[in-house]
>>> print(open('upload.pdb').read())   # PDB, N, CA and C atoms and all ligand atoms
ATOM      1  N   MET A  56     135.912  72.542 140.503
ATOM      2  CA  MET A  56     134.466  72.763 140.629
ATOM      3  C   MET A  56     134.024  72.552 142.074
ATOM      4  N   GLU A  57     133.287  73.506 142.601
ATOM      5  CA  GLU A  57     132.751  73.367 143.952
ATOM      6  C   GLU A  57     131.575  72.401 143.954
ATOM      7  N   MET A  58     131.553  71.513 144.898
ATOM      8  CA  MET A  58     130.427  70.584 145.009
ATOM      9  C   MET A  58     129.809  70.748 146.377
ATOM     10  N   ASP A  59     128.476  70.709 146.434
ATOM     11  CA  ASP A  59     127.879  70.811 147.769
ATOM     12  C   ASP A  59     127.724  69.422 148.384
ATOM     13  N   ASP A  60     127.354  69.404 149.665
ATOM     14  CA  ASP A  60     127.350  68.153 150.419
ATOM     15  C   ASP A  60     126.277  67.173 149.958
ATOM     16  N   ASP A  61     125.268  67.671 149.242
ATOM     17  CA  ASP A  61     124.213  66.779 148.761
ATOM     18  C   ASP A  61     124.563  66.125 147.436
ATOM     19  N   PHE A  62     125.680  66.545 146.848
ATOM     20  CA  PHE A  62     126.100  65.965 145.574
ATOM     21  C   PHE A  62     126.369  64.469 145.756
ATOM     22  N   GLU A  63     125.761  63.665 144.883
ATOM     23  CA  GLU A  63     125.960  62.211 145.003
ATOM     24  C   GLU A  63     127.274  61.818 144.343
ATOM     25  N   ILE A  64     128.253  61.489 145.183
ATOM     26  CA  ILE A  64     129.578  61.113 144.698
ATOM     27  C   ILE A  64     129.535  59.737 144.059
ATOM     28  N   CYS A  65     128.968  58.779 144.792
ATOM     29  CA  CYS A  65     128.941  57.393 144.310
ATOM     30  C   CYS A  65     127.506  57.017 143.977
ATOM     31  N   HIS A  66     127.261  56.848 142.684
ATOM     32  CA  HIS A  66     125.897  56.523 142.242
ATOM     33  C   HIS A  66     125.567  55.065 142.537
ATOM     34  N   CYS A  67     126.563  54.192 142.484
ATOM     35  CA  CYS A  67     126.318  52.758 142.715
ATOM     36  C   CYS A  67     125.791  52.515 144.121
ATOM     37  N   TYR A  68     126.344  53.221 145.109
ATOM     38  CA  TYR A  68     125.946  53.009 146.504
ATOM     39  C   TYR A  68     125.185  54.194 147.075
ATOM     40  N   GLU A  69     124.850  55.165 146.219
ATOM     41  CA  GLU A  69     124.062  56.336 146.624
ATOM     42  C   GLU A  69     124.656  57.019 147.861
ATOM     43  N   VAL A  70     125.931  57.364 147.754
ATOM     44  CA  VAL A  70     126.624  58.046 148.851
ATOM     45  C   VAL A  70     126.891  59.488 148.436
ATOM     46  N   THR A  71     126.467  60.421 149.292
ATOM     47  CA  THR A  71     126.689  61.831 148.984
ATOM     48  C   THR A  71     128.071  62.272 149.459
ATOM     49  N   ARG A  72     128.475  63.413 148.940
ATOM     50  CA  ARG A  72     129.743  64.012 149.358
ATOM     51  C   ARG A  72     129.784  64.211 150.880
ATOM     52  N   GLY A  73     128.682  64.723 151.447
ATOM     53  CA  GLY A  73     128.625  64.959 152.894
ATOM     54  C   GLY A  73     128.787  63.667 153.695
ATOM     55  N   GLU A  74     128.104  62.615 153.242
ATOM     56  CA  GLU A  74     128.196  61.326 153.936
ATOM     57  C   GLU A  74     129.603  60.752 153.851
ATOM     58  N   LEU A  75     130.203  60.899 152.668
ATOM     59  CA  LEU A  75     131.549  60.354 152.487
ATOM     60  C   LEU A  75     132.564  61.113 153.347
ATOM     61  N   ILE A  76     132.455  62.424 153.374
ATOM     62  CA  ILE A  76     133.373  63.219 154.193
ATOM     63  C   ILE A  76     133.241  62.839 155.664
ATOM     64  N   LYS A  77     132.009  62.644 156.128
ATOM     65  CA  LYS A  77     131.790  62.264 157.516
ATOM     66  C   LYS A  77     132.444  60.902 157.807
ATOM     67  N   ALA A  78     132.252  59.934 156.919
ATOM     68  CA  ALA A  78     132.831  58.600 157.109
ATOM     69  C   ALA A  78     134.359  58.679 157.124
ATOM     70  N   ILE A  79     134.912  59.471 156.217
ATOM     71  CA  ILE A  79     136.372  59.603 156.134
ATOM     72  C   ILE A  79     136.921  60.217 157.423
ATOM     73  N   ARG A  80     136.243  61.227 157.920
ATOM     74  CA  ARG A  80     136.713  61.878 159.160
ATOM     75  C   ARG A  80     136.501  60.980 160.378
ATOM     76  N   ASP A  81     135.306  60.400 160.500
ATOM     77  CA  ASP A  81     134.978  59.585 161.676
ATOM     78  C   ASP A  81     135.898  58.378 161.787
ATOM     79  N   LYS A  82     136.159  57.731 160.661
ATOM     80  CA  LYS A  82     136.956  56.495 160.684
ATOM     81  C   LYS A  82     138.420  56.740 160.339
ATOM     82  N   GLU A  83     138.762  58.018 160.117
ATOM     83  CA  GLU A  83     140.129  58.389 159.745
ATOM     84  C   GLU A  83     140.658  57.550 158.590
ATOM     85  N   LEU A  84     139.880  57.541 157.506
ATOM     86  CA  LEU A  84     140.270  56.802 156.309
ATOM     87  C   LEU A  84     141.229  57.666 155.499
ATOM     88  N   LYS A  85     142.450  57.168 155.328
ATOM     89  CA  LYS A  85     143.496  57.991 154.707
ATOM     90  C   LYS A  85     143.729  57.641 153.247
ATOM     91  N   THR A  86     143.368  56.452 152.862
ATOM     92  CA  THR A  86     143.671  56.027 151.492
ATOM     93  C   THR A  86     142.408  55.560 150.778
ATOM     94  N   LEU A  87     142.508  55.521 149.459
ATOM     95  CA  LEU A  87     141.401  55.022 148.641
ATOM     96  C   LEU A  87     141.028  53.601 149.066
ATOM     97  N   GLU A  88     142.043  52.777 149.335
ATOM     98  CA  GLU A  88     141.792  51.385 149.724
ATOM     99  C   GLU A  88     140.981  51.318 151.020
ATOM    100  N   GLU A  89     141.326  52.178 151.982
ATOM    101  CA  GLU A  89     140.590  52.185 153.246
ATOM    102  C   GLU A  89     139.149  52.624 153.028
ATOM    103  N   VAL A  90     138.954  53.625 152.176
ATOM    104  CA  VAL A  90     137.596  54.085 151.873
ATOM    105  C   VAL A  90     136.795  52.944 151.240
ATOM    106  N   MET A  91     137.403  52.243 150.308
ATOM    107  CA  MET A  91     136.714  51.158 149.616
ATOM    108  C   MET A  91     136.373  50.028 150.585
ATOM    109  N   ASP A  92     137.297  49.684 151.474
ATOM    110  CA  ASP A  92     137.044  48.616 152.451
ATOM    111  C   ASP A  92     135.920  48.990 153.415
ATOM    112  N   GLU A  93     135.942  50.232 153.897
ATOM    113  CA  GLU A  93     135.013  50.635 154.953
ATOM    114  C   GLU A  93     133.648  51.035 154.427
ATOM    115  N   THR A  94     133.599  51.637 153.241
ATOM    116  CA  THR A  94     132.332  52.213 152.779
ATOM    117  C   THR A  94     131.783  51.556 151.517
ATOM    118  N   GLU A  95     132.557  50.759 150.837
ATOM    119  CA  GLU A  95     132.211  50.149 149.543
ATOM    120  C   GLU A  95     132.219  51.160 148.394
ATOM    121  N   VAL A  96     132.328  52.454 148.736
ATOM    122  CA  VAL A  96     132.373  53.474 147.694
ATOM    123  C   VAL A  96     133.556  53.186 146.765
ATOM    124  N   GLY A  97     133.288  53.165 145.460
ATOM    125  CA  GLY A  97     134.345  52.938 144.478
ATOM    126  C   GLY A  97     134.553  51.491 144.093
ATOM    127  N   THR A  98     133.841  50.574 144.765
ATOM    128  CA  THR A  98     134.110  49.154 144.526
ATOM    129  C   THR A  98     133.226  48.534 143.452
ATOM    130  N   MET A  99     132.227  49.279 142.961
ATOM    131  CA  MET A  99     131.357  48.694 141.933
ATOM    132  C   MET A  99     131.867  49.077 140.545
ATOM    133  N   CYS A 100     131.501  50.265 140.041
ATOM    134  CA  CYS A 100     131.933  50.636 138.683
ATOM    135  C   CYS A 100     133.273  51.369 138.683
ATOM    136  N   GLY A 101     133.629  51.951 139.832
ATOM    137  CA  GLY A 101     134.882  52.690 139.933
ATOM    138  C   GLY A 101     134.826  54.106 139.387
ATOM    139  N   GLY A 102     133.678  54.498 138.868
ATOM    140  CA  GLY A 102     133.554  55.823 138.247
ATOM    141  C   GLY A 102     133.740  56.977 139.204
ATOM    142  N   CYS A 103     133.520  56.729 140.490
ATOM    143  CA  CYS A 103     133.614  57.804 141.476
ATOM    144  C   CYS A 103     135.021  57.929 142.067
ATOM    145  N   ILE A 104     135.916  57.043 141.708
ATOM    146  CA  ILE A 104     137.245  57.023 142.333
ATOM    147  C   ILE A 104     137.985  58.364 142.223
ATOM    148  N   PRO A 105     137.987  59.028 141.052
ATOM    149  CA  PRO A 105     138.670  60.339 140.991
ATOM    150  C   PRO A 105     138.094  61.342 141.992
ATOM    151  N   ASP A 106     136.768  61.332 142.172
ATOM    152  CA  ASP A 106     136.153  62.250 143.139
ATOM    153  C   ASP A 106     136.537  61.869 144.567
ATOM    154  N   VAL A 107     136.615  60.574 144.845
ATOM    155  CA  VAL A 107     137.019  60.122 146.180
ATOM    156  C   VAL A 107     138.449  60.581 146.461
ATOM    157  N   GLU A 108     139.314  60.446 145.469
ATOM    158  CA  GLU A 108     140.707  60.870 145.652
ATOM    159  C   GLU A 108     140.795  62.375 145.883
ATOM    160  N   ASP A 109     139.963  63.150 145.165
ATOM    161  CA  ASP A 109     139.927  64.605 145.378
ATOM    162  C   ASP A 109     139.529  64.925 146.805
ATOM    163  N   ILE A 110     138.513  64.226 147.312
ATOM    164  CA  ILE A 110     138.026  64.500 148.669
ATOM    165  C   ILE A 110     139.081  64.118 149.693
ATOM    166  N   LEU A 111     139.745  62.987 149.497
ATOM    167  CA  LEU A 111     140.842  62.587 150.409
ATOM    168  C   LEU A 111     141.914  63.665 150.446
ATOM    169  N   ALA A 112     142.276  64.174 149.271
ATOM    170  CA  ALA A 112     143.319  65.206 149.198
ATOM    171  C   ALA A 112     142.853  66.490 149.892
ATOM    172  N   GLU A 113     141.560  66.795 149.738
ATOM    173  CA  GLU A 113     140.989  67.988 150.355
ATOM    174  C   GLU A 113     141.055  67.885 151.888
ATOM    175  N   ILE A 114     140.741  66.704 152.413
ATOM    176  CA  ILE A 114     140.659  66.525 153.857
ATOM    177  C   ILE A 114     142.053  66.403 154.485
ATOM    178  N   TRP A 115     142.875  65.564 153.926
ATOM    179  CA  TRP A 115     144.175  65.260 154.570
ATOM    180  C   TRP A 115     145.338  66.050 153.973
ATOM    181  N   GLY A 116     145.096  66.688 152.834
ATOM    182  CA  GLY A 116     146.128  67.521 152.237
ATOM    183  C   GLY A 116     147.195  66.741 151.494
TER     184      GLY A 116
HETATM  185  S1  LIG B   1     129.811  55.374 141.257
HETATM  186 FE1  LIG B   1     130.949  54.682 142.943
HETATM  187  S2  LIG B   1     131.407  52.609 142.451
HETATM  188 FE2  LIG B   1     130.141  53.263 140.821
END
>>> encode(input="upload.pdb", output="structure tokens")
Amino acid sequence: MEMDDDFEICHCYEVTRGELIKAIRDKELKTLEEVMDETEVGTMCGGCIPDVEDILAEIWG
């Protein structure tokens, strides 16, 4: 499914897809653990983790 940049990936921390992609690129976050440490995304309910992993795979291949 295609998601646009305004799609809210993490509801707990109100982080959009666009914001997350920017953080991942700017800080060169390669793993889920790094994303969680740097952005807190995924650290509350964990419901967004599959989407975070998809985005990591999209960016870094
Ligand atoms: S939706 Fe991201 S931690 Fe809950």
>>> residues_around(input="upload.pdb", residues="A:Ala78", least_positions_apart="6", cutoff="12 Å", atoms="only C-alpha atoms", output="number ranges by chain")
A: 70-72, 84-85, 89-96, 107, 110-111, 114
>>> residues_near_ligand(input="upload.pdb", ligand="ligand LIG 1 (chain B)", cutoff="7 Å", atoms="all atoms listed in the file", output="short mmCIF file (atom, residue, chain, number, x, y, z; two decimals) with N, CA and C atoms, in the coordinates of the input")
data_model
loop_
_atom_site.label_atom_id
_atom_site.label_comp_id
_atom_site.auth_asym_id
_atom_site.auth_seq_id
_atom_site.Cartn_x
_atom_site.Cartn_y
_atom_site.Cartn_z
N ILE A 64 128.25 61.49 145.18
CA ILE A 64 129.58 61.11 144.70
C ILE A 64 129.54 59.74 144.06
N CYS A 65 128.97 58.78 144.79
CA CYS A 65 128.94 57.39 144.31
C CYS A 65 127.51 57.02 143.98
N HIS A 66 127.26 56.85 142.68
CA HIS A 66 125.90 56.52 142.24
C HIS A 66 125.57 55.06 142.54
N CYS A 67 126.56 54.19 142.48
CA CYS A 67 126.32 52.76 142.72
C CYS A 67 125.79 52.52 144.12
N TYR A 68 126.34 53.22 145.11
CA TYR A 68 125.95 53.01 146.50
C TYR A 68 125.18 54.19 147.07
N GLU A 69 124.85 55.16 146.22
CA GLU A 69 124.06 56.34 146.62
C GLU A 69 124.66 57.02 147.86
N GLU A 95 132.56 50.76 150.84
CA GLU A 95 132.21 50.15 149.54
C GLU A 95 132.22 51.16 148.39
N VAL A 96 132.33 52.45 148.74
CA VAL A 96 132.37 53.47 147.69
C VAL A 96 133.56 53.19 146.76
N GLY A 97 133.29 53.16 145.46
CA GLY A 97 134.34 52.94 144.48
C GLY A 97 134.55 51.49 144.09
N THR A 98 133.84 50.57 144.76
CA THR A 98 134.11 49.15 144.53
C THR A 98 133.23 48.53 143.45
N MET A 99 132.23 49.28 142.96
CA MET A 99 131.36 48.69 141.93
C MET A 99 131.87 49.08 140.54
N CYS A 100 131.50 50.26 140.04
CA CYS A 100 131.93 50.64 138.68
C CYS A 100 133.27 51.37 138.68
N GLY A 101 133.63 51.95 139.83
CA GLY A 101 134.88 52.69 139.93
C GLY A 101 134.83 54.11 139.39
N GLY A 102 133.68 54.50 138.87
CA GLY A 102 133.55 55.82 138.25
C GLY A 102 133.74 56.98 139.20
N CYS A 103 133.52 56.73 140.49
CA CYS A 103 133.61 57.80 141.48
C CYS A 103 135.02 57.93 142.07
N ILE A 104 135.92 57.04 141.71
CA ILE A 104 137.24 57.02 142.33
C ILE A 104 137.99 58.36 142.22
#
>>> select_by_dssp(input="upload.pdb", residues="chain A", states="strand (DSSP E)", output="list in words")
Glu63, Ile64, Cys65, Val70 and Thr71 of chain A
>>> write_last_selection(input="upload.pdb", atoms="N, CA and C atoms", output="short mmCIF file (atom, residue, chain, number, x, y, z; two decimals), in the coordinates of the input")
data_model
loop_
_atom_site.label_atom_id
_atom_site.label_comp_id
_atom_site.auth_asym_id
_atom_site.auth_seq_id
_atom_site.Cartn_x
_atom_site.Cartn_y
_atom_site.Cartn_z
N GLU A 63 125.76 63.66 144.88
CA GLU A 63 125.96 62.21 145.00
C GLU A 63 127.27 61.82 144.34
N ILE A 64 128.25 61.49 145.18
CA ILE A 64 129.58 61.11 144.70
C ILE A 64 129.54 59.74 144.06
N CYS A 65 128.97 58.78 144.79
CA CYS A 65 128.94 57.39 144.31
C CYS A 65 127.51 57.02 143.98
N VAL A 70 125.93 57.36 147.75
CA VAL A 70 126.62 58.05 148.85
C VAL A 70 126.89 59.49 148.44
N THR A 71 126.47 60.42 149.29
CA THR A 71 126.69 61.83 148.98
C THR A 71 128.07 62.27 149.46
#
>>> residues_near_point(input="upload.pdb", point="(128.5, 69.5, 153.9)", cutoff="6.5 Å", atoms="all atoms listed in the file", output="PyMOL selection string")
chain A and resi 59-61+72-73
>>> atom_distance(input="upload.pdb", atom1="atom CA of A:Ala112", atom2="atom CA of A:Phe62")
17.6 Å
>>> atom_distance(input="upload.pdb", atom1="atom CA of A:Glu108", atom2="atom CA of A:Leu87")
6.6 Å
>>> atom_distance(input="upload.pdb", atom1="atom N of A:Met58", atom2="atom CA of A:Glu74")
14.0 Å
>>> select_by_dssp(input="upload.pdb", residues="chain A", states="helix (DSSP H, G or I)", output="PDB file with N, CA and C atoms, keeping the file's coordinate frame")
ATOM      1  N   ARG A  72     128.475  63.413 148.940  1.00  0.00           N
ATOM      2  CA  ARG A  72     129.743  64.012 149.358  1.00  0.00           C
ATOM      3  C   ARG A  72     129.784  64.211 150.880  1.00  0.00           C
ATOM      4  N   GLY A  73     128.682  64.723 151.447  1.00  0.00           N
ATOM      5  CA  GLY A  73     128.625  64.959 152.894  1.00  0.00           C
ATOM      6  C   GLY A  73     128.787  63.667 153.695  1.00  0.00           C
ATOM      7  N   GLU A  74     128.104  62.615 153.242  1.00  0.00           N
ATOM      8  CA  GLU A  74     128.196  61.326 153.936  1.00  0.00           C
ATOM      9  C   GLU A  74     129.603  60.752 153.851  1.00  0.00           C
ATOM     10  N   LEU A  75     130.203  60.899 152.668  1.00  0.00           N
ATOM     11  CA  LEU A  75     131.549  60.354 152.487  1.00  0.00           C
ATOM     12  C   LEU A  75     132.564  61.113 153.347  1.00  0.00           C
ATOM     13  N   ILE A  76     132.455  62.424 153.374  1.00  0.00           N
ATOM     14  CA  ILE A  76     133.373  63.219 154.193  1.00  0.00           C
ATOM     15  C   ILE A  76     133.241  62.839 155.664  1.00  0.00           C
ATOM     16  N   LYS A  77     132.009  62.644 156.128  1.00  0.00           N
ATOM     17  CA  LYS A  77     131.790  62.264 157.516  1.00  0.00           C
ATOM     18  C   LYS A  77     132.444  60.902 157.807  1.00  0.00           C
ATOM     19  N   ALA A  78     132.252  59.934 156.919  1.00  0.00           N
ATOM     20  CA  ALA A  78     132.831  58.600 157.109  1.00  0.00           C
ATOM     21  C   ALA A  78     134.359  58.679 157.124  1.00  0.00           C
ATOM     22  N   ILE A  79     134.912  59.471 156.217  1.00  0.00           N
ATOM     23  CA  ILE A  79     136.372  59.603 156.134  1.00  0.00           C
ATOM     24  C   ILE A  79     136.921  60.217 157.423  1.00  0.00           C
ATOM     25  N   ARG A  80     136.243  61.227 157.920  1.00  0.00           N
ATOM     26  CA  ARG A  80     136.713  61.878 159.160  1.00  0.00           C
ATOM     27  C   ARG A  80     136.501  60.980 160.378  1.00  0.00           C
ATOM     28  N   ASP A  81     135.306  60.400 160.500  1.00  0.00           N
ATOM     29  CA  ASP A  81     134.978  59.585 161.676  1.00  0.00           C
ATOM     30  C   ASP A  81     135.898  58.378 161.787  1.00  0.00           C
ATOM     31  N   LYS A  82     136.159  57.731 160.661  1.00  0.00           N
ATOM     32  CA  LYS A  82     136.956  56.495 160.684  1.00  0.00           C
ATOM     33  C   LYS A  82     138.420  56.740 160.339  1.00  0.00           C
ATOM     34  N   LEU A  87     142.508  55.521 149.459  1.00  0.00           N
ATOM     35  CA  LEU A  87     141.401  55.022 148.641  1.00  0.00           C
ATOM     36  C   LEU A  87     141.028  53.601 149.066  1.00  0.00           C
ATOM     37  N   GLU A  88     142.043  52.777 149.335  1.00  0.00           N
ATOM     38  CA  GLU A  88     141.792  51.385 149.724  1.00  0.00           C
ATOM     39  C   GLU A  88     140.981  51.318 151.020  1.00  0.00           C
ATOM     40  N   GLU A  89     141.326  52.178 151.982  1.00  0.00           N
ATOM     41  CA  GLU A  89     140.590  52.185 153.246  1.00  0.00           C
ATOM     42  C   GLU A  89     139.149  52.624 153.028  1.00  0.00           C
ATOM     43  N   VAL A  90     138.954  53.625 152.176  1.00  0.00           N
ATOM     44  CA  VAL A  90     137.596  54.085 151.873  1.00  0.00           C
ATOM     45  C   VAL A  90     136.795  52.944 151.240  1.00  0.00           C
ATOM     46  N   MET A  91     137.403  52.243 150.308  1.00  0.00           N
ATOM     47  CA  MET A  91     136.714  51.158 149.616  1.00  0.00           C
ATOM     48  C   MET A  91     136.373  50.028 150.585  1.00  0.00           C
ATOM     49  N   ASP A  92     137.297  49.684 151.474  1.00  0.00           N
ATOM     50  CA  ASP A  92     137.044  48.616 152.451  1.00  0.00           C
ATOM     51  C   ASP A  92     135.920  48.990 153.415  1.00  0.00           C
ATOM     52  N   GLU A  93     135.942  50.232 153.897  1.00  0.00           N
ATOM     53  CA  GLU A  93     135.013  50.635 154.953  1.00  0.00           C
ATOM     54  C   GLU A  93     133.648  51.035 154.427  1.00  0.00           C
ATOM     55  N   THR A  94     133.599  51.637 153.241  1.00  0.00           N
ATOM     56  CA  THR A  94     132.332  52.213 152.779  1.00  0.00           C
ATOM     57  C   THR A  94     131.783  51.556 151.517  1.00  0.00           C
ATOM     58  N   ILE A 104     135.916  57.043 141.708  1.00  0.00           N
ATOM     59  CA  ILE A 104     137.245  57.023 142.333  1.00  0.00           C
ATOM     60  C   ILE A 104     137.985  58.364 142.223  1.00  0.00           C
ATOM     61  N   PRO A 105     137.987  59.028 141.052  1.00  0.00           N
ATOM     62  CA  PRO A 105     138.670  60.339 140.991  1.00  0.00           C
ATOM     63  C   PRO A 105     138.094  61.342 141.992  1.00  0.00           C
ATOM     64  N   ASP A 106     136.768  61.332 142.172  1.00  0.00           N
ATOM     65  CA  ASP A 106     136.153  62.250 143.139  1.00  0.00           C
ATOM     66  C   ASP A 106     136.537  61.869 144.567  1.00  0.00           C
ATOM     67  N   VAL A 107     136.615  60.574 144.845  1.00  0.00           N
ATOM     68  CA  VAL A 107     137.019  60.122 146.180  1.00  0.00           C
ATOM     69  C   VAL A 107     138.449  60.581 146.461  1.00  0.00           C
ATOM     70  N   GLU A 108     139.314  60.446 145.469  1.00  0.00           N
ATOM     71  CA  GLU A 108     140.707  60.870 145.652  1.00  0.00           C
ATOM     72  C   GLU A 108     140.795  62.375 145.883  1.00  0.00           C
ATOM     73  N   ASP A 109     139.963  63.150 145.165  1.00  0.00           N
ATOM     74  CA  ASP A 109     139.927  64.605 145.378  1.00  0.00           C
ATOM     75  C   ASP A 109     139.529  64.925 146.805  1.00  0.00           C
ATOM     76  N   ILE A 110     138.513  64.226 147.312  1.00  0.00           N
ATOM     77  CA  ILE A 110     138.026  64.500 148.669  1.00  0.00           C
ATOM     78  C   ILE A 110     139.081  64.118 149.693  1.00  0.00           C
ATOM     79  N   LEU A 111     139.745  62.987 149.497  1.00  0.00           N
ATOM     80  CA  LEU A 111     140.842  62.587 150.409  1.00  0.00           C
ATOM     81  C   LEU A 111     141.914  63.665 150.446  1.00  0.00           C
ATOM     82  N   ALA A 112     142.276  64.174 149.271  1.00  0.00           N
ATOM     83  CA  ALA A 112     143.319  65.206 149.198  1.00  0.00           C
ATOM     84  C   ALA A 112     142.853  66.490 149.892  1.00  0.00           C
ATOM     85  N   GLU A 113     141.560  66.795 149.738  1.00  0.00           N
ATOM     86  CA  GLU A 113     140.989  67.988 150.355  1.00  0.00           C
ATOM     87  C   GLU A 113     141.055  67.885 151.888  1.00  0.00           C
ATOM     88  N   ILE A 114     140.741  66.704 152.413  1.00  0.00           N
ATOM     89  CA  ILE A 114     140.659  66.525 153.857  1.00  0.00           C
ATOM     90  C   ILE A 114     142.053  66.403 154.485  1.00  0.00           C
ATOM     91  N   TRP A 115     142.875  65.564 153.926  1.00  0.00           N
ATOM     92  CA  TRP A 115     144.175  65.260 154.570  1.00  0.00           C
ATOM     93  C   TRP A 115     145.338  66.050 153.973  1.00  0.00           C
TER      94      TRP A 115
END
>>> decode(input="upload.pdb", residues="stretch 56-96 of chain A", atoms="C-alpha atoms", output="short mmCIF file (atom, residue, chain, number, x, y, z; two decimals), in the first residue's frame")
data_model
loop_
_atom_site.label_atom_id
_atom_site.label_comp_id
_atom_site.auth_asym_id
_atom_site.auth_seq_id
_atom_site.Cartn_x
_atom_site.Cartn_y
_atom_site.Cartn_z
CA MET A 56 0.00 0.00 0.00
CA GLU A 57 1.31 3.43 -0.94
CA MET A 58 1.39 5.88 1.93
CA ASP A 59 1.87 9.60 1.61
CA ASP A 60 4.21 11.66 3.76
CA ASP A 61 1.40 13.04 5.92
CA PHE A 62 0.36 9.56 7.01
CA GLU A 63 0.79 9.28 10.77
CA ILE A 64 3.03 6.27 11.30
CA CYS A 65 3.29 6.49 15.08
CA HIS A 66 0.10 7.55 16.81
CA CYS A 67 1.67 7.49 20.30
CA TYR A 68 4.23 10.17 19.39
CA GLU A 69 2.34 11.73 16.46
CA VAL A 70 5.14 11.16 13.96
CA THR A 71 4.32 11.22 10.26
CA ARG A 72 5.91 9.10 7.57
CA GLY A 73 7.66 12.20 6.16
CA GLU A 74 9.10 13.16 9.55
CA LEU A 75 10.29 9.64 10.22
CA ILE A 76 11.96 9.32 6.82
CA LYS A 77 13.74 12.63 7.37
CA ALA A 78 14.99 11.54 10.82
CA ILE A 79 16.15 8.18 9.45
CA ARG A 80 18.07 9.84 6.62
CA ASP A 81 19.49 12.75 8.64
CA LYS A 82 20.72 10.57 11.49
CA GLU A 83 21.46 7.53 9.32
CA LEU A 84 19.36 5.24 11.49
CA LYS A 85 19.82 1.74 10.11
CA THR A 86 18.00 -0.44 12.60
CA LEU A 87 14.72 -0.48 14.49
CA GLU A 88 16.69 -0.13 17.74
CA GLU A 89 18.41 3.03 16.49
CA VAL A 90 15.08 4.51 15.41
CA MET A 91 13.58 3.75 18.81
CA ASP A 92 16.56 5.26 20.68
CA GLU A 93 16.70 8.43 18.58
CA THR A 94 13.04 9.15 17.91
CA GLU A 95 11.05 7.19 20.55
CA VAL A 96 8.92 5.93 17.66
#
